[in-house]
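Chemist: What follows is a single structure, and I will ask about it in a moment.
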Amino acid sequence: MSEQQSALFPTYARFPITLVKGEGSRLWDDQGKEYLDFASGLAVTNLGHVPERVKNKLVEQLGELWHVSNLFHIPNQERLARLLADNSCADAVFFCNSGAEANEAAIKLARRYNAKVLNKPRYEIITFHTSFHGRTLATLTATGQDKVKEGFHPLPEGFVYAPYNDAEALKSFVTDKTCAIMLELVQGEGGVNPADPEFVQEVVRLCKEHDLLLIVDEIQTGMGRTGKLFAYEHYGFEPDIFTLAKGLASGFPIGAMLGKAKLREAFSAGSHGSTFGGTPIATAAGIATVETLVEDRLPERAAEIGDYLVSKLQEQLAGNPLVKQIRGKGLLIGIECTLPASELVPAIHEAGLLVTAAGPNVIRLLPNLLVTQEDVNKGVAIIAAVLAQKAAASVN
């Protein structure tokens, strides 16, 4: 259907593919064509498509209860919050519907904690160039990319942007107005940029020195994606606040903002809320997802198969003049190229592999955490063949 005929706002530059069925690492379009999926719905279907344990839990819940207000106790919500707290550094969880809402909650909590608990008139949050934190007015303002802000001015005040991975420069951005530092430990939308350990150590040091809250955006990196259940575990520190969404419920809309016990007082009754945050259905999917990730040790598997994927990419893309760098953590991998990703991604799709772009020149790979070595080999072979063809064409 053309955009002129559609009743939808044209907010997405959609690929000419209509997907209708999924199973594991496979997707099929409405023409019957099969694809190997290395996109995972943008790091959402971490257990693959239609995972059996999650499906069974949802079927059970659909026969019992769909929705009640958060004015009442919701057992699934309590259970999922306990699962997350027991497997992380967090003590308390707030449920919402998306990553943007989780980050919005984190921003509000940081400001309110400073105002109501510390009694300090601090409200500015330091974020970083090429970051991405969401599409609400506050979270797009927090994002360190101008393209997402076009046409939405005036933007809310309270955000300053520092260079990513520049520990020395960061010091100058802390002022008496600063209440928190917010960062991604692997910038996904910004080009799959992992944080340097020395840079993270400086962020942690500054937060301790100035009594700032440290917020980690784990929307894309969380739920085993990077080879740990949460990316902060790679760096040996505990954030005050971190946020989750994407892979938390295997495709059902859910977000979560998690924090330390000292923050409970700032989010007292009536200070924040969400009508659909943590419904019985969404949290049922979340429970089954988290239990599977933890019990089956899938973050460890993601680390191992991610190393294998990188080694195969390095082997088969060696010498290709289009490839500048292969980087990432676990199963969040970027291939930086000399050509725009917009010229490469559609050709990879045509060859039967679904990938996405991250920034102007990066092909992003996000296989599910159960992807097999056989499928890795197949996916890498497709990428290598397409990039070889594009390299040959660019020479001619």
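So you can find residues: chains in the structure tokens are A, B, ... in the order shown, residues in each start at 1, and ligands are numbered from 1 in order.
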Could you give me, as a list of chain:residue names, the residues within 9 Å of His49 (chain A), counting only C-alpha atoms and dropping anything in the same chain fewer than 6 positions from it?
Modeler: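 So, after excluding close chain neighbours, the residues are A:Lys21, A:Gly22, A:Glu23, A:Gly24, A:Ser25, A:Arg26, A:Leu27, A:Ser40, A:Ser250, A:Gly251, A:Asn368.
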Chemist: I'd like the contact shell of Lys329 (chain A) - 12 Å cut-off, only C-alpha atoms, skipping same-chain residues fewer than 3 positions apart - returned as an MDAnalysis selection string.
Modeler: chainID A and resid 185:188 192:196 220:222 224:228 230:232 234 299:300 302:310 326 332:334 364:366
Chemist: Go through A:Leu353, A:Leu322, A:Leu140, A:Ala106 one by one, measure the shortest atom-to-atom distance of each to Thr338 (chain A) using only C-alpha atoms, and give the residue with the smallest value.
Modeler: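 For Thr338 (chain A), the nearest of the given residues is A:Leu322.
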Chemist: Can you tell me which residues surround Glu168 (chain A) at a distance of at most 9 Å, considering only C-alpha atoms, apart from same-chain residues fewer than 3 positions away, and format the answer as a ChimeraX atom specification?
Modeler: /A:171-172,199,202
Chemist: Could you write out the selected residues, including all heavy atoms, as a PDB file, in the first residue's frame?
Modeler:
ATOM      1  N   LYS A 171      35.065  16.205  32.637  1.00  0.00           N
ATOM      2  CA  LYS A 171      35.163  16.932  33.906  1.00  0.00           C
ATOM      3  C   LYS A 171      34.598  18.346  33.800  1.00  0.00           C
ATOM      4  O   LYS A 171      33.963  18.846  34.729  1.00  0.00           O
ATOM      5  CB  LYS A 171      36.623  17.002  34.353  1.00  0.00           C
ATOM      6  CG  LYS A 171      37.288  15.662  34.563  1.00  0.00           C
ATOM      7  CD  LYS A 171      38.778  15.840  34.857  1.00  0.00           C
ATOM      8  CE  LYS A 171      39.498  14.510  34.898  1.00  0.00           C
ATOM      9  NZ  LYS A 171      40.957  14.677  35.114  1.00  0.00           N
ATOM     10  N   SER A 172      34.832  18.992  32.669  1.00  0.00           N
ATOM     11  CA  SER A 172      34.438  20.392  32.526  1.00  0.00           C
ATOM     12  C   SER A 172      32.932  20.589  32.392  1.00  0.00           C
ATOM     13  O   SER A 172      32.438  21.719  32.480  1.00  0.00           O
ATOM     14  CB  SER A 172      35.136  21.013  31.312  1.00  0.00           C
ATOM     15  OG  SER A 172      34.683  20.395  30.107  1.00  0.00           O
ATOM     16  N   PHE A 199      37.010   5.534  30.382  1.00  0.00           N
ATOM     17  CA  PHE A 199      35.967   6.557  30.338  1.00  0.00           C
ATOM     18  C   PHE A 199      34.889   6.260  31.372  1.00  0.00           C
ATOM     19  O   PHE A 199      34.447   7.151  32.114  1.00  0.00           O
ATOM     20  CB  PHE A 199      35.377   6.611  28.932  1.00  0.00           C
ATOM     21  CG  PHE A 199      34.106   7.408  28.796  1.00  0.00           C
ATOM     22  CD1 PHE A 199      34.112   8.785  28.940  1.00  0.00           C
ATOM     23  CD2 PHE A 199      32.907   6.777  28.512  1.00  0.00           C
ATOM     24  CE1 PHE A 199      32.946   9.525  28.813  1.00  0.00           C
ATOM     25  CE2 PHE A 199      31.735   7.498  28.378  1.00  0.00           C
ATOM     26  CZ  PHE A 199      31.751   8.876  28.542  1.00  0.00           C
ATOM     27  N   GLU A 202      35.936   7.079  34.848  1.00  0.00           N
ATOM     28  CA  GLU A 202      35.874   8.512  35.130  1.00  0.00           C
ATOM     29  C   GLU A 202      34.439   8.958  35.392  1.00  0.00           C
ATOM     30  O   GLU A 202      34.195   9.801  36.274  1.00  0.00           O
ATOM     31  CB  GLU A 202      36.485   9.313  33.977  1.00  0.00           C
ATOM     32  CG  GLU A 202      36.496  10.825  34.189  1.00  0.00           C
ATOM     33  CD  GLU A 202      37.339  11.277  35.368  1.00  0.00           C
ATOM     34  OE1 GLU A 202      38.088  10.449  35.948  1.00  0.00           O
ATOM     35  OE2 GLU A 202      37.243  12.468  35.733  1.00  0.00           O
TER      36      GLU A 202
END
Chemist: Write out as a PyMOL selection string each polymer residue whose atoms come within 8 Å of region 378-384 of chain A, counting only C-alpha atoms; drop sequence neighbours fewer than 3 positions from it.
Modeler: chain A and resi 36+38+309+312-313+316-317+348+351-353+374-375+387-388
